[in-house]
Structures are given as C-alpha cells and as structure tokens.
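The structure file start.cif is reproduced below (mmCIF, N, CA and C atoms and all ligand atoms).
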```cif
data_model
loop_
_atom_site.group_PDB
_atom_site.id
_atom_site.type_symbol
_atom_site.label_atom_id
_atom_site.label_comp_id
_atom_site.auth_asym_id
_atom_site.auth_seq_id
_atom_site.Cartn_x
_atom_site.Cartn_y
_atom_site.Cartn_z
ATOM 1 N N MET A 667 -58.619 214.215 -134.077
ATOM 2 C CA MET A 667 -58.456 212.821 -134.472
ATOM 3 C C MET A 667 -58.504 211.904 -133.244
ATOM 4 N N TYR A 668 -57.797 212.312 -132.193
ATOM 5 C CA TYR A 668 -57.772 211.510 -130.963
ATOM 6 C C TYR A 668 -59.189 211.317 -130.431
ATOM 7 N N HIS A 669 -59.935 212.389 -130.325
ATOM 8 C CA HIS A 669 -61.289 212.310 -129.753
ATOM 9 C C HIS A 669 -62.249 211.571 -130.678
ATOM 10 N N LEU A 670 -62.036 211.697 -131.970
ATOM 11 C CA LEU A 670 -62.870 210.969 -132.928
ATOM 12 C C LEU A 670 -62.689 209.464 -132.748
ATOM 13 N N VAL A 671 -61.439 209.042 -132.628
ATOM 14 C CA VAL A 671 -61.158 207.608 -132.439
ATOM 15 C C VAL A 671 -61.693 207.138 -131.080
ATOM 16 N N GLN A 672 -61.565 207.986 -130.079
ATOM 17 C CA GLN A 672 -62.114 207.614 -128.767
ATOM 18 C C GLN A 672 -63.626 207.449 -128.837
ATOM 19 N N ALA A 673 -64.293 208.338 -129.576
ATOM 20 C CA ALA A 673 -65.761 208.307 -129.636
ATOM 21 C C ALA A 673 -66.270 207.141 -130.481
ATOM 22 N N LEU A 674 -65.586 206.862 -131.599
ATOM 23 C CA LEU A 674 -66.070 205.820 -132.516
ATOM 24 C C LEU A 674 -65.660 204.408 -132.084
ATOM 25 N N ARG A 675 -64.593 204.306 -131.296
ATOM 26 C CA ARG A 675 -64.080 203.031 -130.799
ATOM 27 C C ARG A 675 -63.920 201.996 -131.933
ATOM 28 N N PRO A 676 -63.185 202.331 -132.988
ATOM 29 C CA PRO A 676 -63.015 201.396 -134.112
ATOM 30 C C PRO A 676 -62.159 200.195 -133.704
ATOM 31 N N GLN A 677 -62.494 199.039 -134.256
ATOM 32 C CA GLN A 677 -61.667 197.846 -134.021
ATOM 33 C C GLN A 677 -60.599 197.723 -135.101
ATOM 34 N N LEU A 678 -60.944 198.093 -136.326
ATOM 35 C CA LEU A 678 -59.982 198.020 -137.426
ATOM 36 C C LEU A 678 -59.875 199.389 -138.095
ATOM 37 N N THR A 679 -58.710 199.978 -137.987
ATOM 38 C CA THR A 679 -58.460 201.312 -138.542
ATOM 39 C C THR A 679 -57.347 201.228 -139.577
ATOM 40 N N LEU A 680 -57.511 201.960 -140.660
ATOM 41 C CA LEU A 680 -56.480 202.046 -141.695
ATOM 42 C C LEU A 680 -56.038 203.491 -141.849
ATOM 43 N N GLU A 681 -54.730 203.682 -141.839
ATOM 44 C CA GLU A 681 -54.156 204.994 -142.161
ATOM 45 C C GLU A 681 -53.380 204.856 -143.460
ATOM 46 N N ILE A 682 -53.723 205.688 -144.431
ATOM 47 C CA ILE A 682 -53.002 205.724 -145.703
ATOM 48 C C ILE A 682 -52.044 206.905 -145.654
ATOM 49 N N GLY A 683 -50.744 206.615 -145.652
ATOM 50 C CA GLY A 683 -49.730 207.670 -145.582
ATOM 51 C C GLY A 683 -49.190 207.825 -144.171
ATOM 52 N N THR A 684 -48.099 207.125 -143.864
ATOM 53 C CA THR A 684 -47.532 207.118 -142.501
ATOM 54 C C THR A 684 -46.552 208.271 -142.299
ATOM 55 N N TYR A 685 -45.714 208.493 -143.276
ATOM 56 C CA TYR A 685 -44.631 209.485 -143.232
ATOM 57 C C TYR A 685 -43.779 209.281 -141.983
ATOM 58 N N PHE A 686 -43.788 210.215 -141.023
ATOM 59 C CA PHE A 686 -42.999 210.027 -139.802
ATOM 60 C C PHE A 686 -43.863 209.539 -138.626
ATOM 61 N N ALA A 687 -45.039 208.977 -138.936
ATOM 62 C CA ALA A 687 -45.901 208.337 -137.931
ATOM 63 C C ALA A 687 -46.474 209.311 -136.896
ATOM 64 N N GLY A 688 -46.611 210.570 -137.278
ATOM 65 C CA GLY A 688 -47.192 211.554 -136.358
ATOM 66 C C GLY A 688 -48.657 211.264 -136.057
ATOM 67 N N THR A 689 -49.466 211.164 -137.101
ATOM 68 C CA THR A 689 -50.886 210.843 -136.875
ATOM 69 C C THR A 689 -51.059 209.377 -136.486
ATOM 70 N N THR A 690 -50.113 208.538 -136.889
ATOM 71 C CA THR A 690 -50.133 207.138 -136.439
ATOM 72 C C THR A 690 -50.120 207.109 -134.910
ATOM 73 N N GLU A 691 -49.251 207.920 -134.322
ATOM 74 C CA GLU A 691 -49.142 207.945 -132.860
ATOM 75 C C GLU A 691 -50.420 208.472 -132.216
ATOM 76 N N VAL A 692 -51.018 209.494 -132.803
ATOM 77 C CA VAL A 692 -52.257 210.053 -132.249
ATOM 78 C C VAL A 692 -53.353 208.981 -132.227
ATOM 79 N N ILE A 693 -53.505 208.289 -133.357
ATOM 80 C CA ILE A 693 -54.540 207.241 -133.446
ATOM 81 C C ILE A 693 -54.222 206.096 -132.483
ATOM 82 N N ALA A 694 -52.946 205.694 -132.442
ATOM 83 C CA ALA A 694 -52.548 204.581 -131.562
ATOM 84 C C ALA A 694 -52.799 204.928 -130.096
ATOM 85 N N ARG A 695 -52.523 206.158 -129.714
ATOM 86 C CA ARG A 695 -52.752 206.551 -128.314
ATOM 87 C C ARG A 695 -54.243 206.488 -127.969
ATOM 88 N N ALA A 696 -55.082 206.881 -128.909
ATOM 89 C CA ALA A 696 -56.537 206.821 -128.666
ATOM 90 C C ALA A 696 -56.996 205.367 -128.572
ATOM 91 N N LEU A 697 -56.463 204.498 -129.427
ATOM 92 C CA LEU A 697 -56.829 203.075 -129.369
ATOM 93 C C LEU A 697 -56.394 202.467 -128.044
ATOM 94 N N CYS A 698 -55.207 202.831 -127.573
ATOM 95 C CA CYS A 698 -54.733 202.328 -126.277
ATOM 96 C C CYS A 698 -55.641 202.816 -125.159
ATOM 97 N N ALA A 699 -56.053 204.070 -125.238
ATOM 98 C CA ALA A 699 -56.970 204.599 -124.216
ATOM 99 C C ALA A 699 -58.306 203.858 -124.269
ATOM 100 N N ASN A 700 -58.724 203.452 -125.465
ATOM 101 C CA ASN A 700 -59.973 202.692 -125.623
ATOM 102 C C ASN A 700 -59.835 201.277 -125.060
ATOM 103 N N GLY A 701 -58.616 200.768 -125.067
ATOM 104 C CA GLY A 701 -58.380 199.409 -124.573
ATOM 105 C C GLY A 701 -58.635 198.332 -125.609
ATOM 106 N N SER A 702 -58.909 198.733 -126.856
ATOM 107 C CA SER A 702 -59.122 197.754 -127.926
ATOM 108 C C SER A 702 -58.942 198.445 -129.269
ATOM 109 N N GLY A 703 -58.743 197.615 -130.289
ATOM 110 C CA GLY A 703 -58.630 198.141 -131.646
ATOM 111 C C GLY A 703 -57.191 198.153 -132.127
ATOM 112 N N GLY A 704 -57.036 197.982 -133.434
ATOM 113 C CA GLY A 704 -55.716 197.981 -134.045
ATOM 114 C C GLY A 704 -55.675 198.923 -135.233
ATOM 115 N N LEU A 705 -54.478 199.390 -135.523
ATOM 116 C CA LEU A 705 -54.255 200.323 -136.633
ATOM 117 C C LEU A 705 -53.285 199.712 -137.629
ATOM 118 N N LEU A 706 -53.715 199.642 -138.882
ATOM 119 C CA LEU A 706 -52.814 199.294 -139.974
ATOM 120 C C LEU A 706 -52.468 200.589 -140.686
ATOM 121 N N THR A 707 -51.186 200.895 -140.755
ATOM 122 C CA THR A 707 -50.752 202.107 -141.453
ATOM 123 C C THR A 707 -49.860 201.709 -142.612
ATOM 124 N N ILE A 708 -50.071 202.327 -143.757
ATOM 125 C CA ILE A 708 -49.334 201.934 -144.966
ATOM 126 C C ILE A 708 -48.651 203.143 -145.592
ATOM 127 N N ASP A 709 -47.498 202.874 -146.167
ATOM 128 C CA ASP A 709 -46.778 203.917 -146.904
ATOM 129 C C ASP A 709 -45.798 203.209 -147.842
ATOM 130 N N PRO A 710 -45.922 203.426 -149.147
ATOM 131 C CA PRO A 710 -45.030 202.714 -150.073
ATOM 132 C C PRO A 710 -43.568 203.148 -149.966
ATOM 133 N N PHE A 711 -43.332 204.281 -149.312
ATOM 134 C CA PHE A 711 -41.960 204.800 -149.211
ATOM 135 C C PHE A 711 -41.441 204.795 -147.763
ATOM 136 N N GLY A 712 -42.092 203.996 -146.899
ATOM 137 C CA GLY A 712 -41.726 204.058 -145.475
ATOM 138 C C GLY A 712 -40.949 202.873 -144.956
ATOM 139 N N ALA A 713 -40.480 201.995 -145.837
ATOM 140 C CA ALA A 713 -39.860 200.735 -145.399
ATOM 141 C C ALA A 713 -38.678 200.930 -144.453
ATOM 142 N N GLU A 714 -37.840 201.903 -144.719
ATOM 143 C CA GLU A 714 -36.676 202.114 -143.848
ATOM 144 C C GLU A 714 -37.014 203.016 -142.675
ATOM 145 N N ARG A 715 -37.901 203.970 -142.897
ATOM 146 C CA ARG A 715 -38.180 205.005 -141.888
ATOM 147 C C ARG A 715 -39.116 204.524 -140.781
ATOM 148 N N VAL A 716 -40.234 203.933 -141.157
ATOM 149 C CA VAL A 716 -41.318 203.714 -140.188
ATOM 150 C C VAL A 716 -41.005 202.643 -139.129
ATOM 151 N N PRO A 717 -40.526 201.445 -139.510
ATOM 152 C CA PRO A 717 -40.244 200.458 -138.460
ATOM 153 C C PRO A 717 -39.268 200.980 -137.405
ATOM 154 N N ALA A 718 -38.290 201.780 -137.828
ATOM 155 C CA ALA A 718 -37.318 202.341 -136.884
ATOM 156 C C ALA A 718 -38.004 203.294 -135.901
ATOM 157 N N ILE A 719 -39.002 204.028 -136.374
ATOM 158 C CA ILE A 719 -39.746 204.939 -135.483
ATOM 159 C C ILE A 719 -40.590 204.137 -134.501
ATOM 160 N N LEU A 720 -41.302 203.145 -135.007
ATOM 161 C CA LEU A 720 -42.202 202.355 -134.146
ATOM 162 C C LEU A 720 -41.416 201.638 -133.041
ATOM 163 N N GLN A 721 -40.167 201.283 -133.338
ATOM 164 C CA GLN A 721 -39.335 200.590 -132.337
ATOM 165 C C GLN A 721 -39.012 201.469 -131.139
ATOM 166 N N THR A 722 -39.081 202.776 -131.310
ATOM 167 C CA THR A 722 -38.753 203.685 -130.204
ATOM 168 C C THR A 722 -39.952 203.921 -129.288
ATOM 169 N N TRP A 723 -41.138 203.437 -129.681
ATOM 170 C CA TRP A 723 -42.357 203.678 -128.908
ATOM 171 C C TRP A 723 -42.473 202.687 -127.751
ATOM 172 N N PRO A 724 -43.245 203.044 -126.716
ATOM 173 C CA PRO A 724 -43.570 202.070 -125.674
ATOM 174 C C PRO A 724 -44.266 200.864 -126.300
ATOM 175 N N LYS A 725 -44.034 199.690 -125.721
ATOM 176 C CA LYS A 725 -44.518 198.450 -126.332
ATOM 177 C C LYS A 725 -46.045 198.423 -126.500
ATOM 178 N N ASP A 726 -46.774 198.889 -125.495
ATOM 179 C CA ASP A 726 -48.244 198.827 -125.613
ATOM 180 C C ASP A 726 -48.740 199.679 -126.781
ATOM 181 N N LEU A 727 -48.010 200.759 -127.065
ATOM 182 C CA LEU A 727 -48.388 201.632 -128.179
ATOM 183 C C LEU A 727 -48.037 200.979 -129.521
ATOM 184 N N SER A 728 -46.817 200.488 -129.643
ATOM 185 C CA SER A 728 -46.397 199.900 -130.918
ATOM 186 C C SER A 728 -47.132 198.587 -131.196
ATOM 187 N N ASP A 729 -47.550 197.891 -130.137
ATOM 188 C CA ASP A 729 -48.293 196.643 -130.336
ATOM 189 C C ASP A 729 -49.647 196.865 -131.015
ATOM 190 N N SER A 730 -50.174 198.063 -130.932
ATOM 191 C CA SER A 730 -51.477 198.332 -131.536
ATOM 192 C C SER A 730 -51.353 198.719 -133.009
ATOM 193 N N VAL A 731 -50.114 198.811 -133.507
ATOM 194 C CA VAL A 731 -49.874 199.303 -134.872
ATOM 195 C C VAL A 731 -49.175 198.251 -135.723
ATOM 196 N N SER A 732 -49.659 198.084 -136.946
ATOM 197 C CA SER A 732 -48.962 197.289 -137.953
ATOM 198 C C SER A 732 -48.643 198.202 -139.126
ATOM 199 N N PHE A 733 -47.407 198.111 -139.593
ATOM 200 C CA PHE A 733 -47.002 198.908 -140.756
ATOM 201 C C PHE A 733 -46.772 197.990 -141.942
ATOM 202 N N MET A 734 -47.245 198.415 -143.119
ATOM 203 C CA MET A 734 -46.974 197.666 -144.340
ATOM 204 C C MET A 734 -46.525 198.620 -145.436
ATOM 205 N N THR A 735 -45.526 198.156 -146.192
ATOM 206 C CA THR A 735 -45.012 198.949 -147.310
ATOM 207 C C THR A 735 -45.896 198.697 -148.520
ATOM 208 N N MET A 736 -46.997 199.397 -148.583
ATOM 209 C CA MET A 736 -47.975 199.223 -149.668
ATOM 210 C C MET A 736 -48.511 200.584 -150.052
ATOM 211 N N ASN A 737 -49.054 200.674 -151.257
ATOM 212 C CA ASN A 737 -49.740 201.917 -151.622
ATOM 213 C C ASN A 737 -51.252 201.731 -151.463
ATOM 214 N N SER A 738 -51.972 202.826 -151.601
ATOM 215 C CA SER A 738 -53.411 202.826 -151.304
ATOM 216 C C SER A 738 -54.194 201.880 -152.218
ATOM 217 N N MET A 739 -53.815 201.775 -153.471
ATOM 218 C CA MET A 739 -54.546 200.888 -154.368
ATOM 219 C C MET A 739 -54.307 199.420 -154.010
ATOM 220 N N GLU A 740 -53.080 199.106 -153.626
ATOM 221 C CA GLU A 740 -52.787 197.722 -153.224
ATOM 222 C C GLU A 740 -53.594 197.324 -151.996
ATOM 223 N N ILE A 741 -53.699 198.220 -151.019
ATOM 224 C CA ILE A 741 -54.443 197.871 -149.800
ATOM 225 C C ILE A 741 -55.946 197.827 -150.102
ATOM 226 N N PHE A 742 -56.403 198.716 -150.966
ATOM 227 C CA PHE A 742 -57.817 198.693 -151.350
ATOM 228 C C PHE A 742 -58.171 197.345 -151.987
ATOM 229 N N MET A 743 -57.323 196.882 -152.875
ATOM 230 C CA MET A 743 -57.583 195.595 -153.541
ATOM 231 C C MET A 743 -57.508 194.436 -152.552
ATOM 232 N N ALA A 744 -56.576 194.510 -151.609
ATOM 233 C CA ALA A 744 -56.456 193.445 -150.605
ATOM 234 C C ALA A 744 -57.701 193.382 -149.728
ATOM 235 N N PHE A 745 -58.173 194.522 -149.262
ATOM 236 C CA PHE A 745 -59.373 194.540 -148.421
ATOM 237 C C PHE A 745 -60.587 194.086 -149.213
ATOM 238 N N ASP A 746 -60.668 194.479 -150.469
ATOM 239 C CA ASP A 746 -61.790 194.064 -151.310
ATOM 240 C C ASP A 746 -61.773 192.548 -151.478
ATOM 241 N N HIS A 747 -60.582 191.994 -151.707
ATOM 242 C CA HIS A 747 -60.442 190.548 -151.897
ATOM 243 C C HIS A 747 -60.823 189.792 -150.622
ATOM 244 N N LEU A 748 -60.403 190.319 -149.475
ATOM 245 C CA LEU A 748 -60.670 189.646 -148.197
ATOM 246 C C LEU A 748 -62.072 189.930 -147.662
ATOM 247 N N LYS A 749 -62.779 190.854 -148.323
ATOM 248 C CA LYS A 749 -64.118 191.274 -147.868
ATOM 249 C C LYS A 749 -64.068 191.829 -146.451
ATOM 250 N N ARG A 750 -62.959 192.511 -146.121
ATOM 251 C CA ARG A 750 -62.837 193.113 -144.802
ATOM 252 C C ARG A 750 -63.451 194.506 -144.821
ATOM 253 N N ILE A 751 -64.140 194.847 -143.756
ATOM 254 C CA ILE A 751 -64.758 196.159 -143.610
ATOM 255 C C ILE A 751 -63.938 196.975 -142.607
ATOM 256 N N LEU A 752 -63.615 198.197 -142.991
ATOM 257 C CA LEU A 752 -62.887 199.084 -142.087
ATOM 258 C C LEU A 752 -63.872 199.816 -141.182
ATOM 259 N N ASP A 753 -63.506 199.990 -139.927
ATOM 260 C CA ASP A 753 -64.339 200.785 -139.019
ATOM 261 C C ASP A 753 -64.010 202.267 -139.134
ATOM 262 N N PHE A 754 -62.758 202.544 -139.466
ATOM 263 C CA PHE A 754 -62.309 203.941 -139.513
ATOM 264 C C PHE A 754 -61.109 204.006 -140.443
ATOM 265 N N SER A 755 -61.053 205.033 -141.284
ATOM 266 C CA SER A 755 -59.870 205.181 -142.124
ATOM 267 C C SER A 755 -59.494 206.650 -142.254
ATOM 268 N N PHE A 756 -58.210 206.877 -142.416
ATOM 269 C CA PHE A 756 -57.667 208.225 -142.562
ATOM 270 C C PHE A 756 -56.812 208.226 -143.827
ATOM 271 N N ALA A 757 -57.288 208.946 -144.852
ATOM 272 C CA ALA A 757 -56.585 208.981 -146.133
ATOM 273 C C ALA A 757 -55.701 210.220 -146.184
ATOM 274 N N ASP A 758 -54.387 210.013 -146.017
ATOM 275 C CA ASP A 758 -53.434 211.132 -146.003
ATOM 276 C C ASP A 758 -52.189 210.745 -146.800
ATOM 277 N N GLY A 759 -52.420 210.051 -147.929
ATOM 278 C CA GLY A 759 -51.306 209.644 -148.780
ATOM 279 C C GLY A 759 -51.100 210.666 -149.876
ATOM 280 N N ASN A 760 -51.177 210.194 -151.116
ATOM 281 C CA ASN A 760 -51.119 211.101 -152.256
ATOM 282 C C ASN A 760 -52.424 211.898 -152.283
ATOM 283 N N HIS A 761 -52.329 213.236 -152.237
ATOM 284 C CA HIS A 761 -53.517 214.072 -152.100
ATOM 285 C C HIS A 761 -54.183 214.419 -153.426
ATOM 286 N N ALA A 762 -53.628 213.978 -154.542
ATOM 287 C CA ALA A 762 -54.281 214.204 -155.833
ATOM 288 C C ALA A 762 -55.644 213.507 -155.819
ATOM 289 N N TYR A 763 -56.615 214.119 -156.442
ATOM 290 C CA TYR A 763 -58.008 213.634 -156.335
ATOM 291 C C TYR A 763 -58.136 212.152 -156.675
ATOM 292 N N THR A 764 -57.510 211.728 -157.758
ATOM 293 C CA THR A 764 -57.666 210.341 -158.203
ATOM 294 C C THR A 764 -57.194 209.358 -157.131
ATOM 295 N N TYR A 765 -56.051 209.660 -156.507
ATOM 296 C CA TYR A 765 -55.505 208.763 -155.485
ATOM 297 C C TYR A 765 -56.364 208.809 -154.220
ATOM 298 N N ALA A 766 -56.737 210.007 -153.806
ATOM 299 C CA ALA A 766 -57.525 210.145 -152.582
ATOM 300 C C ALA A 766 -58.886 209.468 -152.744
ATOM 301 N N PHE A 767 -59.473 209.613 -153.916
ATOM 302 C CA PHE A 767 -60.785 208.980 -154.179
ATOM 303 C C PHE A 767 -60.676 207.460 -154.097
HETATM 304 C C1 LIG A 801 -48.845 213.936 -145.798
HETATM 305 S S1 LIG A 801 -47.752 212.561 -145.549
HETATM 306 C C2 LIG A 801 -48.549 211.679 -144.260
HETATM 307 C C3 LIG A 801 -48.441 212.389 -142.926
HETATM 308 C C4 LIG A 801 -48.932 211.615 -141.740
HETATM 309 N N1 LIG A 801 -50.278 211.056 -141.957
HETATM 310 C C5 LIG A 801 -48.959 212.540 -140.552
HETATM 311 O O1 LIG A 801 -49.740 213.515 -140.556
HETATM 312 O O2 LIG A 801 -48.165 212.319 -139.622
HETATM 313 C C6 LIG A 801 -48.093 211.597 -146.985
HETATM 314 C C7 LIG A 801 -47.419 210.229 -147.019
HETATM 315 O O3 LIG A 801 -48.160 209.438 -147.950
HETATM 316 C C8 LIG A 801 -47.288 208.593 -148.643
HETATM 317 N N2 LIG A 801 -47.931 208.219 -149.902
HETATM 318 C C9 LIG A 801 -47.826 208.782 -151.129
HETATM 319 N N3 LIG A 801 -48.583 208.140 -152.027
HETATM 320 C C10 LIG A 801 -49.212 207.139 -151.359
HETATM 321 C C11 LIG A 801 -50.129 206.125 -151.746
HETATM 322 N N4 LIG A 801 -50.570 206.010 -153.013
HETATM 323 N N5 LIG A 801 -50.560 205.252 -150.799
HETATM 324 C C12 LIG A 801 -50.133 205.355 -149.532
HETATM 325 N N6 LIG A 801 -49.262 206.313 -149.099
HETATM 326 C C13 LIG A 801 -48.807 207.183 -150.004
HETATM 327 C C14 LIG A 801 -46.001 209.390 -148.794
HETATM 328 O O4 LIG A 801 -44.894 208.525 -148.937
HETATM 329 C C15 LIG A 801 -45.976 210.207 -147.494
HETATM 330 O O5 LIG A 801 -45.133 209.601 -146.541
#
```
Is it possible to express this structure as structure tokens?
Amino acid sequence: MYHLVQALRPQLTLEIGTYFAGTTEVIARALCANGSGGLLTIDPFGAERVPAILQTWPKDLSDSVSFMTMNSMEIFMAFDHLKRILDFSFADGNHAYTYAF
C-alpha cells in the first residue's frame, strides 16, 4: 500500500473503514513522503476511537488526514453530488459484496 501510494502520487485519497487507523497511517506516511496529497478516511463507528488516535500522531502526519463519521454510501453520494473524482481509494469497510461494490 505504501509503495502504491508513493508510485501513484494521489492528491485525493479515500479510505473506507478506518477502524484503529492502521492502514490510515500507512497511507498518510506515503503521502507525507510524497510531499503532497490528502487522505479522507471514513468509519460510521469511529467517532470516539479515531480522533483520539489521530491526536497521538506527529502533526505533519495527522495534518494529511481528515476523518469523518460516515458510511460508504453517504460518502459515495456526497462525492457524486460534488462531482469530485478520487485519485485513489481503499475499500475496507463492510466486506459484504453489496457494500464493497
Ligand atoms: C476491516 S476494518 C478496517 C481496518 C483498517 N482499514 C485497517 O486495516 O487498519 C473495517 C471497518 O469498517 C467499518 N465499516 C463497516 N461498515 C462500513 C461502511 N458501510 N462504510 C464505512 N466503514 C464501514 C467498521 O466500523 C470497521 O471499523
């Protein structure tokens, strides 16, 4: 994942499913190494857990990450409404086919 983000150099990345921000950190570290790009990570059940984790990170790392308490369908509809195009996305939320699709 780290090398993929380094190679693709995405400006706008979406992660679906933050949990304990493990892959969030991997992606954020690659974006910091790139010197550009931001990561939006979403998890409908992460409101209490995730901000507390991000606060423990070095500032340059946490500055590259935005967390929102949303589910995948809500973010899909928001991006569709805003006509925003993602450069890179990682779908690791609900793994049932319907949700992942
Ligand atoms: C496998 S964990 C994510 C692990 C994380 N990406 C990592 O490897 O460090 C799945 C997470 O997705 C969240 N989740 C479940 N349904 C979701 C949905 N519809 N949209 C976004 N996130 C969802 C769960 O709350 C859970 O925290």
>> Taking only range 684-723 of chain A into account, list the residues labelled strand (DSSP E) by DSSP (computed from the backbone), as a list in words.
In response: Gly704, Leu705, Leu706, Thr707 and Ile708 of chain A
Could you list, as a compact mmCIF listing (two decimals) with N, CA and C atoms, in the coordinates of the input, every residue matched by the PyMOL selection byres (((chain A and resi 678-681) around 6) and not hetatm) in this structure?
```txt
# COMPACT_ATOMS: atom_id res chain seq x y z
N PRO A 676 -63.18 202.33 -132.99
CA PRO A 676 -63.02 201.40 -134.11
C PRO A 676 -62.16 200.20 -133.70
N GLN A 677 -62.49 199.04 -134.26
CA GLN A 677 -61.67 197.85 -134.02
C GLN A 677 -60.60 197.72 -135.10
N ILE A 682 -53.72 205.69 -144.43
CA ILE A 682 -53.00 205.72 -145.70
C ILE A 682 -52.04 206.90 -145.65
N GLY A 683 -50.74 206.62 -145.65
CA GLY A 683 -49.73 207.67 -145.58
C GLY A 683 -49.19 207.82 -144.17
N THR A 684 -48.10 207.12 -143.86
CA THR A 684 -47.53 207.12 -142.50
C THR A 684 -46.55 208.27 -142.30
N GLY A 703 -58.74 197.62 -130.29
CA GLY A 703 -58.63 198.14 -131.65
C GLY A 703 -57.19 198.15 -132.13
N GLY A 704 -57.04 197.98 -133.43
CA GLY A 704 -55.72 197.98 -134.04
C GLY A 704 -55.68 198.92 -135.23
N LEU A 705 -54.48 199.39 -135.52
CA LEU A 705 -54.26 200.32 -136.63
C LEU A 705 -53.28 199.71 -137.63
N LEU A 706 -53.72 199.64 -138.88
CA LEU A 706 -52.81 199.29 -139.97
C LEU A 706 -52.47 200.59 -140.69
N THR A 707 -51.19 200.90 -140.76
CA THR A 707 -50.75 202.11 -141.45
C THR A 707 -49.86 201.71 -142.61
N ILE A 708 -50.07 202.33 -143.76
CA ILE A 708 -49.33 201.93 -144.97
C ILE A 708 -48.65 203.14 -145.59
N LEU A 752 -63.62 198.20 -142.99
CA LEU A 752 -62.89 199.08 -142.09
C LEU A 752 -63.87 199.82 -141.18
N ASP A 753 -63.51 199.99 -139.93
CA ASP A 753 -64.34 200.78 -139.02
C ASP A 753 -64.01 202.27 -139.13
N PHE A 754 -62.76 202.54 -139.47
CA PHE A 754 -62.31 203.94 -139.51
C PHE A 754 -61.11 204.01 -140.44
N SER A 755 -61.05 205.03 -141.28
CA SER A 755 -59.87 205.18 -142.12
C SER A 755 -59.49 206.65 -142.25
N PHE A 756 -58.21 206.88 -142.42
CA PHE A 756 -57.67 208.22 -142.56
C PHE A 756 -56.81 208.23 -143.83
N ALA A 757 -57.29 208.95 -144.85
CA ALA A 757 -56.58 208.98 -146.13
C ALA A 757 -55.70 210.22 -146.18
N ASP A 758 -54.39 210.01 -146.02
CA ASP A 758 -53.43 211.13 -146.00
C ASP A 758 -52.19 210.74 -146.80
```
> What separation in Å, quoted to one decimal, exists between CA of Phe745 in chain A and CA of Gln672 in chain A?
Replying inline: 23.8 Å
Exercise: residues within 6.5 Å of coordinate (-45.6, 203.7, -144.2), counting only N, CA and C atoms, as a PDB file with N, CA and C atoms, keeping the file's coordinate frame:
```pdb
ATOM      1  N   GLY A 683     -50.744 206.615-145.652  1.00  0.00           N
ATOM      2  CA  GLY A 683     -49.730 207.670-145.582  1.00  0.00           C
ATOM      3  C   GLY A 683     -49.190 207.825-144.171  1.00  0.00           C
ATOM      4  N   THR A 684     -48.099 207.125-143.864  1.00  0.00           N
ATOM      5  CA  THR A 684     -47.532 207.118-142.501  1.00  0.00           C
ATOM      6  C   THR A 684     -46.552 208.271-142.299  1.00  0.00           C
ATOM      7  N   TYR A 685     -45.714 208.493-143.276  1.00  0.00           N
ATOM      8  CA  TYR A 685     -44.631 209.485-143.232  1.00  0.00           C
ATOM      9  C   TYR A 685     -43.779 209.281-141.983  1.00  0.00           C
ATOM     10  N   THR A 707     -51.186 200.895-140.755  1.00  0.00           N
ATOM     11  CA  THR A 707     -50.752 202.107-141.453  1.00  0.00           C
ATOM     12  C   THR A 707     -49.860 201.709-142.612  1.00  0.00           C
ATOM     13  N   ILE A 708     -50.071 202.327-143.757  1.00  0.00           N
ATOM     14  CA  ILE A 708     -49.334 201.934-144.966  1.00  0.00           C
ATOM     15  C   ILE A 708     -48.651 203.143-145.592  1.00  0.00           C
ATOM     16  N   ASP A 709     -47.498 202.874-146.167  1.00  0.00           N
ATOM     17  CA  ASP A 709     -46.778 203.917-146.904  1.00  0.00           C
ATOM     18  C   ASP A 709     -45.798 203.209-147.842  1.00  0.00           C
ATOM     19  N   PRO A 710     -45.922 203.426-149.147  1.00  0.00           N
ATOM     20  CA  PRO A 710     -45.030 202.714-150.073  1.00  0.00           C
ATOM     21  C   PRO A 710     -43.568 203.148-149.966  1.00  0.00           C
ATOM     22  N   PHE A 711     -43.332 204.281-149.312  1.00  0.00           N
ATOM     23  CA  PHE A 711     -41.960 204.800-149.211  1.00  0.00           C
ATOM     24  C   PHE A 711     -41.441 204.795-147.763  1.00  0.00           C
ATOM     25  N   GLY A 712     -42.092 203.996-146.899  1.00  0.00           N
ATOM     26  CA  GLY A 712     -41.726 204.058-145.475  1.00  0.00           C
ATOM     27  C   GLY A 712     -40.949 202.873-144.956  1.00  0.00           C
ATOM     28  N   ALA A 713     -40.480 201.995-145.837  1.00  0.00           N
ATOM     29  CA  ALA A 713     -39.860 200.735-145.399  1.00  0.00           C
ATOM     30  C   ALA A 713     -38.678 200.930-144.453  1.00  0.00           C
ATOM     31  N   VAL A 716     -40.234 203.933-141.157  1.00  0.00           N
ATOM     32  CA  VAL A 716     -41.318 203.714-140.188  1.00  0.00           C
ATOM     33  C   VAL A 716     -41.005 202.643-139.129  1.00  0.00           C
ATOM     34  N   PHE A 733     -47.407 198.111-139.593  1.00  0.00           N
ATOM     35  CA  PHE A 733     -47.002 198.908-140.756  1.00  0.00           C
ATOM     36  C   PHE A 733     -46.772 197.990-141.942  1.00  0.00           C
ATOM     37  N   MET A 734     -47.245 198.415-143.119  1.00  0.00           N
ATOM     38  CA  MET A 734     -46.974 197.666-144.340  1.00  0.00           C
ATOM     39  C   MET A 734     -46.525 198.620-145.436  1.00  0.00           C
ATOM     40  N   THR A 735     -45.526 198.156-146.192  1.00  0.00           N
ATOM     41  CA  THR A 735     -45.012 198.949-147.310  1.00  0.00           C
ATOM     42  C   THR A 735     -45.896 198.697-148.520  1.00  0.00           C
ATOM     43  N   MET A 736     -46.997 199.397-148.583  1.00  0.00           N
ATOM     44  CA  MET A 736     -47.975 199.223-149.668  1.00  0.00           C
ATOM     45  C   MET A 736     -48.511 200.584-150.052  1.00  0.00           C
TER      46      MET A 736
END
```
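Picture a line from atom N of Gln721 in chain A to atom C of Thr689 in chain A; it runs 13.9 Å.
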>> For a test of reading the model, state the distance in Å between atom N4 of ligand LIG 801 (chain A) and atom N of Asp726 in chain A, rounded to one decimal.
In response: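 We find that atom N4 of ligand LIG 801 (chain A) and atom N of Asp726 in chain A lie 28.7 Å from each other.
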> as a PyMOL selection string, which residues of chain A does DSSP assign to alpha helix (DSSP H)?
Replying inline: chain A and resi 668-674+688-700+715-720+725-728+738-748+763-766
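Each of A:Ala766, A:Glu714, A:Leu674, A:Ile751 was checked against Met739 in chain A using only C-alpha atoms; the smallest atom-to-atom distance is that of A:Ala766.
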Please define a box with edges along x, y and z of the file around all atoms of ligand LIG 801 (chain A) given in the file, extend it by 6 Å on each side, and return its centre and edge lengths in Å to one decimal, as JSON.
```
{"center_x": -47.7, "center_y": 209.6, "center_z": -146.3, "size_x": 17.7, "size_y": 20.7, "size_z": 25.4}
```
>> Between A:Ser738, A:Leu670, A:Leu720, A:Ala762, which residue has the minimum interatomic distance to ligand LIG 801 (chain A), considering all atoms listed in the file?
In response: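 When distances to ligand LIG 801 (chain A) are compared using all atoms listed in the file, the smallest one comes from A:Ser738.
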